[in-house]
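S.K.: Take this structure, written in structure tokens, and hold onto it; I'll ask about it next.
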Amino acid sequence: MINPGAKMDVIKTAEAHGYSREDGIWRSQRPSISIPEEETVDTVGMYYRMAPDDDRLALVDVVSKEELTYKEFKIKFRTVASGLHELGVRKGDVVMILSPNSVWFPVIIFGCWLVGATVTTVNPVNTSYEIEKQLKDSGARLIFTVPEQYTKVQNFGKPVVLIGGTEQQHNVPKGATPFTKLLSADPRRVPEVTRRQSEIAALLYSSGTTGMSKGVVLTHRNIMAVILQLLYDAPPEVRDRRYMVMLPMYHVYGLAVVSIAQFFRPGALIIMPRFDTQLLLSSIEKYKITDLPVVPPIIIMLAKSKEVDRYDMSSLVEITTGAAPCGLELTMELHRRLPNVRIRQGFGMTETSGIVGVNVSRPDNSHFGSTGTLVSNMEAKIIDVTTGKALPPYDQGEICVRGPNVMREYLNNPQATASTIKEGWLHTGDLGYYDETGQLHVVDRLKELIKYKGFQVAPAELEALLLTHSKILDAAVVPLPDEKAGELPVAYVVKVANSKLTEQEVIAFAAEKVSPYKRLHKVTFIDAIPKSPSGKILRRELTLLAKAKAKL
């Protein structure tokens, strides 16, 4: 808490950086964005207006070596749109994409949007069980995937298009459509479809602020807003921008912030289908990467690994980190290693189309350790979690935001929507504060989600799964701090009387049902799960217990 004697000076300084003492709201000090006023101009329409249509490089896959120029990109997504129409995809349909990063991922996205369809993306490590849940909830009627993922979706009774180069398209399973068939369609025969900003562009599944995975409804207006918000921060002195896209395109950070927005700067997307340290470093050197969006585990590697010294990093202009907090000490360590590179941190979530705020680089690096100032047209306030009252600078509370990039709702879940968006404000579930210069500092999470390497793990989902085991009476899942991963999911389990259930059996049981990032890393057996009188699990007690045991 700030010294009361200095509070008035702090508030005066804060007012010069967007704070209002009258209502406790912080307002962005960046220039306002202007989203096209015509309702019928959606993301594709804005692309036609703003993006190039020439022989500049747009996309490169560092593994397959496939490349597309901006002219080719436009032709390809129009071709895919025509092919989708031939397959029966119509306006309002939902199309699922289950694929690692590739040059075809954004082609498919824009092709779907051109025919008025909505996309829903899936983490390739998800199990068939998890994919089917999302398929049913989203109402997807067609699936794009790669041959390696086909067995997960082959029994869903939905049309499947297999993505891959020509050499992979010869042995397409019966009932599946080769992607090359769509690429042979006539791009001049794209149907005339009236698309609107208010219509759904993407259904991205997130555990959000309230536990179980939910479909976040992002409209075209949301996507258009985040594109324009990000354009403001493009370093003007960098002409030939090259973005390393190793963050997964199924995630809002990799999709909206890193990939789609960059077509409008414009720049070339240098794509990695999977993360590999050697491939990343050699690609930075080979392709002369200027912009490197990352998550904190990669910051650790860049700051600490001796491998970095073997490669030429001189092309790097900016490293931006997000998805999880990155501490001041780690940021400074990376800065000492790469002193000529801007290092910025941002804050966002799926529900805000990936962005709320991001650092404006300062010569003295005083922005290090914060998650930056609000992007254009955004407002925020810090509220007391008990009273809901807006708090002044330096007082910690829940971060609440509003702006044109905030989701419309959670799909088919009015209760979750109502508990997250209240009177127009999105309640993030994160604990934080603003300093007097308008820099947001994220301190902790009010919500119970576990952040494992930037991925969100919902304790409620794992607990529900554990309770399906015949030898488990009760269970709770909490985070265990970890330097490399951020947090590890660990479980406390109450066994059925006289059961000989082992830790490894529980870990294996969960591992069969969930994605790798959701797997349990430790199981402790206890007599009872501590709970409040109302039945709520007292996670804080278990978290403290897990931390204490880890120190033994």
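Residues are referred to by chain and number: the chain letter is A, B, ... according to the order shown in the structure tokens, the number counts from 1 in that chain, and ligands are numbered separately from 1 in the order shown.
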Residues at most 9 Å from A:Leu542, counting only C-alpha atoms, excluding those fewer than 6 positions away in the same chain, as JSON, numbers by chain?

M.R.: {"A": [476, 477, 478, 492, 529, 530]}

S.K.: For the residues selected in the previous step, produce a file with C-alpha atoms as a compact mmCIF listing (two decimals), in the first residue's frame.

M.R.:
```txt
# COMPACT_ATOMS: atom_id res chain seq x y z
CA ALA A 476 -8.48 -31.65 -5.42
CA VAL A 477 -5.97 -30.23 -7.89
CA VAL A 478 -3.73 -27.27 -7.07
CA TYR A 492 -4.55 -34.51 -3.50
CA ILE A 529 -10.02 -32.72 1.24
CA PRO A 530 -10.27 -29.51 3.29
```

S.K.: So that I can check the secondary structure, give me every residue of stretch 310-403 of chain A assigned helix (DSSP H, G or I) by backbone DSSP, as a PyMOL selection string.

M.R.: chain A and resi 310+328-337+350-352

S.K.: Leaving out A:Gly92 and any residue of its chain fewer than 3 positions from it, which residues lie within 7 Å of it when counting only C-alpha atoms, given as a ChimeraX atom specification?

M.R.: /A:116-118

S.K.: I'd like the contact shell of stretch 451-453 of chain A - 6 Å cut-off, only C-alpha atoms, skipping same-chain residues fewer than 5 positions apart - returned as a VMD selection string.

M.R.: chain A and resid 485 to 488

S.K.: Quick one: write out the picked residues with C-alpha atoms as a short mmCIF file (atom, residue, chain, number, x, y, z; two decimals), in the first residue's frame?

M.R.:
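The resulting out.cif:
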```cif
data_model
loop_
_atom_site.label_atom_id
_atom_site.label_comp_id
_atom_site.auth_asym_id
_atom_site.auth_seq_id
_atom_site.Cartn_x
_atom_site.Cartn_y
_atom_site.Cartn_z
CA ALA A 485 6.86 -24.40 -16.32
CA GLY A 486 5.47 -21.68 -14.10
CA GLU A 487 3.08 -24.02 -12.31
CA LEU A 488 2.59 -27.79 -12.26
#
```

S.K.: For A:Arg141, which residue out of A:Ala548, A:Val94, A:Ala261, A:Ile472 is the nearest one, using only C-alpha atoms?

M.R.: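 For A:Arg141, the nearest of the candidates is A:Val94.
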
S.K.: Just want the 7 Å neighbourhood of stretch 147-160 of chain A, counted on only C-alpha atoms, with same-chain residues fewer than 6 positions away dropped. Output as a VMD selection string.

M.R.: chain A and resid 128 141 176 to 177

S.K.: How about saving the chosen residues, C-alpha atoms kept, as a PDB file, in the first residue's frame?

M.R.:
```pdb
ATOM      1  CA  SER A 128     -10.286 -37.631 -29.112  1.00  0.00           C
ATOM      2  CA  ARG A 141     -19.855 -29.473 -39.434  1.00  0.00           C
ATOM      3  CA  ALA A 176     -11.782 -37.929 -46.327  1.00  0.00           C
ATOM      4  CA  THR A 177     -11.147 -35.150 -48.829  1.00  0.00           C
TER       5      THR A 177
END
```

S.K.: Using only C-alpha atoms, which of A:Gln262, A:Thr524, A:Ser28, A:Leu114 sits nearest A:Tyr70?

M.R.: A:Gln262

S.K.: Report the distance between atom CA of A:Val161 and atom CA of A:Leu84 in Å, rounded to one decimal place.

M.R.: 9.9 Å

S.K.: Could you tell me which of A:Ile299, A:Val258, A:Leu449, A:Leu218 comes closest to A:Leu462 if we count only C-alpha atoms?

M.R.: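 Ranking A:Ile299, A:Val258, A:Leu449, A:Leu218 by distance to A:Leu462, first place goes to A:Leu449.
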
S.K.: Choose the residue, out of A:Thr43, A:Ser419, A:Thr145, A:Ser64, that has the smallest atom-to-atom separation from A:Ile97; count only C-alpha atoms.

M.R.: A:Thr145

S.K.: I'd like the contact shell of stretch 4-15 of chain A - 7 Å cut-off, only C-alpha atoms, skipping same-chain residues fewer than 6 positions apart - returned as a PDB file with N, CA and C atoms, in the first residue's frame.

M.R.:
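Saved file selection.pdb follows:
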```pdb
ATOM      1  N   GLU A 436       1.583   4.783 -10.900  1.00  0.00           N
ATOM      2  CA  GLU A 436       1.127   6.124 -11.249  1.00  0.00           C
ATOM      3  C   GLU A 436       1.382   6.488 -12.713  1.00  0.00           C
ATOM      4  N   THR A 437       2.199   5.686 -13.423  1.00  0.00           N
ATOM      5  CA  THR A 437       2.453   5.975 -14.841  1.00  0.00           C
ATOM      6  C   THR A 437       1.554   5.159 -15.767  1.00  0.00           C
ATOM      7  N   GLY A 438       0.564   4.473 -15.202  1.00  0.00           N
ATOM      8  CA  GLY A 438      -0.368   3.710 -16.027  1.00  0.00           C
ATOM      9  C   GLY A 438       0.129   2.345 -16.438  1.00  0.00           C
TER      10      GLY A 438
END
```

S.K.: Extract, using only C-alpha atoms, all DNA, RNA and protein residues at most 10 Å from A:Cys112, discarding same-chain residues fewer than 2 positions from it, and format them as a PyMOL selection string.

M.R.: chain A and resi 77-78+80-82+84-85+89-91+93-95+106-110+114-119+201

S.K.: Record the distance separating atom CA of A:Ile75 and atom CA of A:Leu231, expressed in Å with one decimal.

M.R.: 24.4 Å

S.K.: Taking a cut-off of 9 Å and counting only C-alpha atoms, can you build a table that, for each residue of stretch 166-252 of chain A near stretch 376-399 of chain A, reports the nearest atom pair and how far apart they are in Å (one decimal), sorted by chain then residue number, as JSON lines?

M.R.:
```
{"residue": "A:Ala225", "atom": "CA", "partner": "A:Asn377", "partner_atom": "CA", "distance": 8.9}
{"residue": "A:Leu228", "atom": "CA", "partner": "A:Ser376", "partner_atom": "CA", "distance": 8.4}
{"residue": "A:Gln229", "atom": "CA", "partner": "A:Ser376", "partner_atom": "CA", "distance": 5.5}
{"residue": "A:Leu230", "atom": "CA", "partner": "A:Ser376", "partner_atom": "CA", "distance": 8.6}
{"residue": "A:Tyr232", "atom": "CA", "partner": "A:Ser376", "partner_atom": "CA", "distance": 8.1}
```

S.K.: As a short mmCIF file (atom, residue, chain, number, x, y, z; two decimals) with N, CA and C atoms, in the first residue's frame, please: all residues of stretch 488-523 of chain A that backbone DSSP puts in strand (DSSP E or B).

M.R.:
```cif
data_model
loop_
_atom_site.label_atom_id
_atom_site.label_comp_id
_atom_site.auth_asym_id
_atom_site.auth_seq_id
_atom_site.Cartn_x
_atom_site.Cartn_y
_atom_site.Cartn_z
N LEU A 488 2.86 -26.40 -11.91
CA LEU A 488 2.59 -27.79 -12.26
C LEU A 488 1.27 -28.22 -11.61
N PRO A 489 0.40 -28.93 -12.33
CA PRO A 489 -0.80 -29.47 -11.70
C PRO A 489 -0.44 -30.66 -10.80
N VAL A 490 -0.82 -30.59 -9.54
CA VAL A 490 -0.62 -31.70 -8.61
C VAL A 490 -1.95 -31.99 -7.94
N ALA A 491 -2.13 -33.24 -7.54
CA ALA A 491 -3.43 -33.66 -6.99
C ALA A 491 -3.31 -34.17 -5.56
N TYR A 492 -4.35 -33.89 -4.81
CA TYR A 492 -4.55 -34.51 -3.50
C TYR A 492 -5.77 -35.42 -3.64
N VAL A 493 -5.59 -36.67 -3.24
CA VAL A 493 -6.61 -37.68 -3.49
C VAL A 493 -6.98 -38.42 -2.20
N VAL A 494 -8.27 -38.64 -2.03
CA VAL A 494 -8.78 -39.48 -0.95
C VAL A 494 -9.18 -40.81 -1.57
N LYS A 495 -8.54 -41.89 -1.12
CA LYS A 495 -8.82 -43.22 -1.67
C LYS A 495 -10.04 -43.85 -1.00
N LYS A 522 2.25 -34.89 -9.75
CA LYS A 522 2.42 -35.52 -8.43
C LYS A 522 1.04 -35.78 -7.83
N VAL A 523 0.95 -36.86 -7.08
CA VAL A 523 -0.30 -37.19 -6.39
C VAL A 523 0.03 -37.50 -4.93
#
```

S.K.: Quick check, in Å to one decimal: how far apart do atom CA of A:Asp54 and atom CA of A:Leu68 lie?

M.R.: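 Between atom CA of A:Asp54 and atom CA of A:Leu68 the gap is 10.7 Å.
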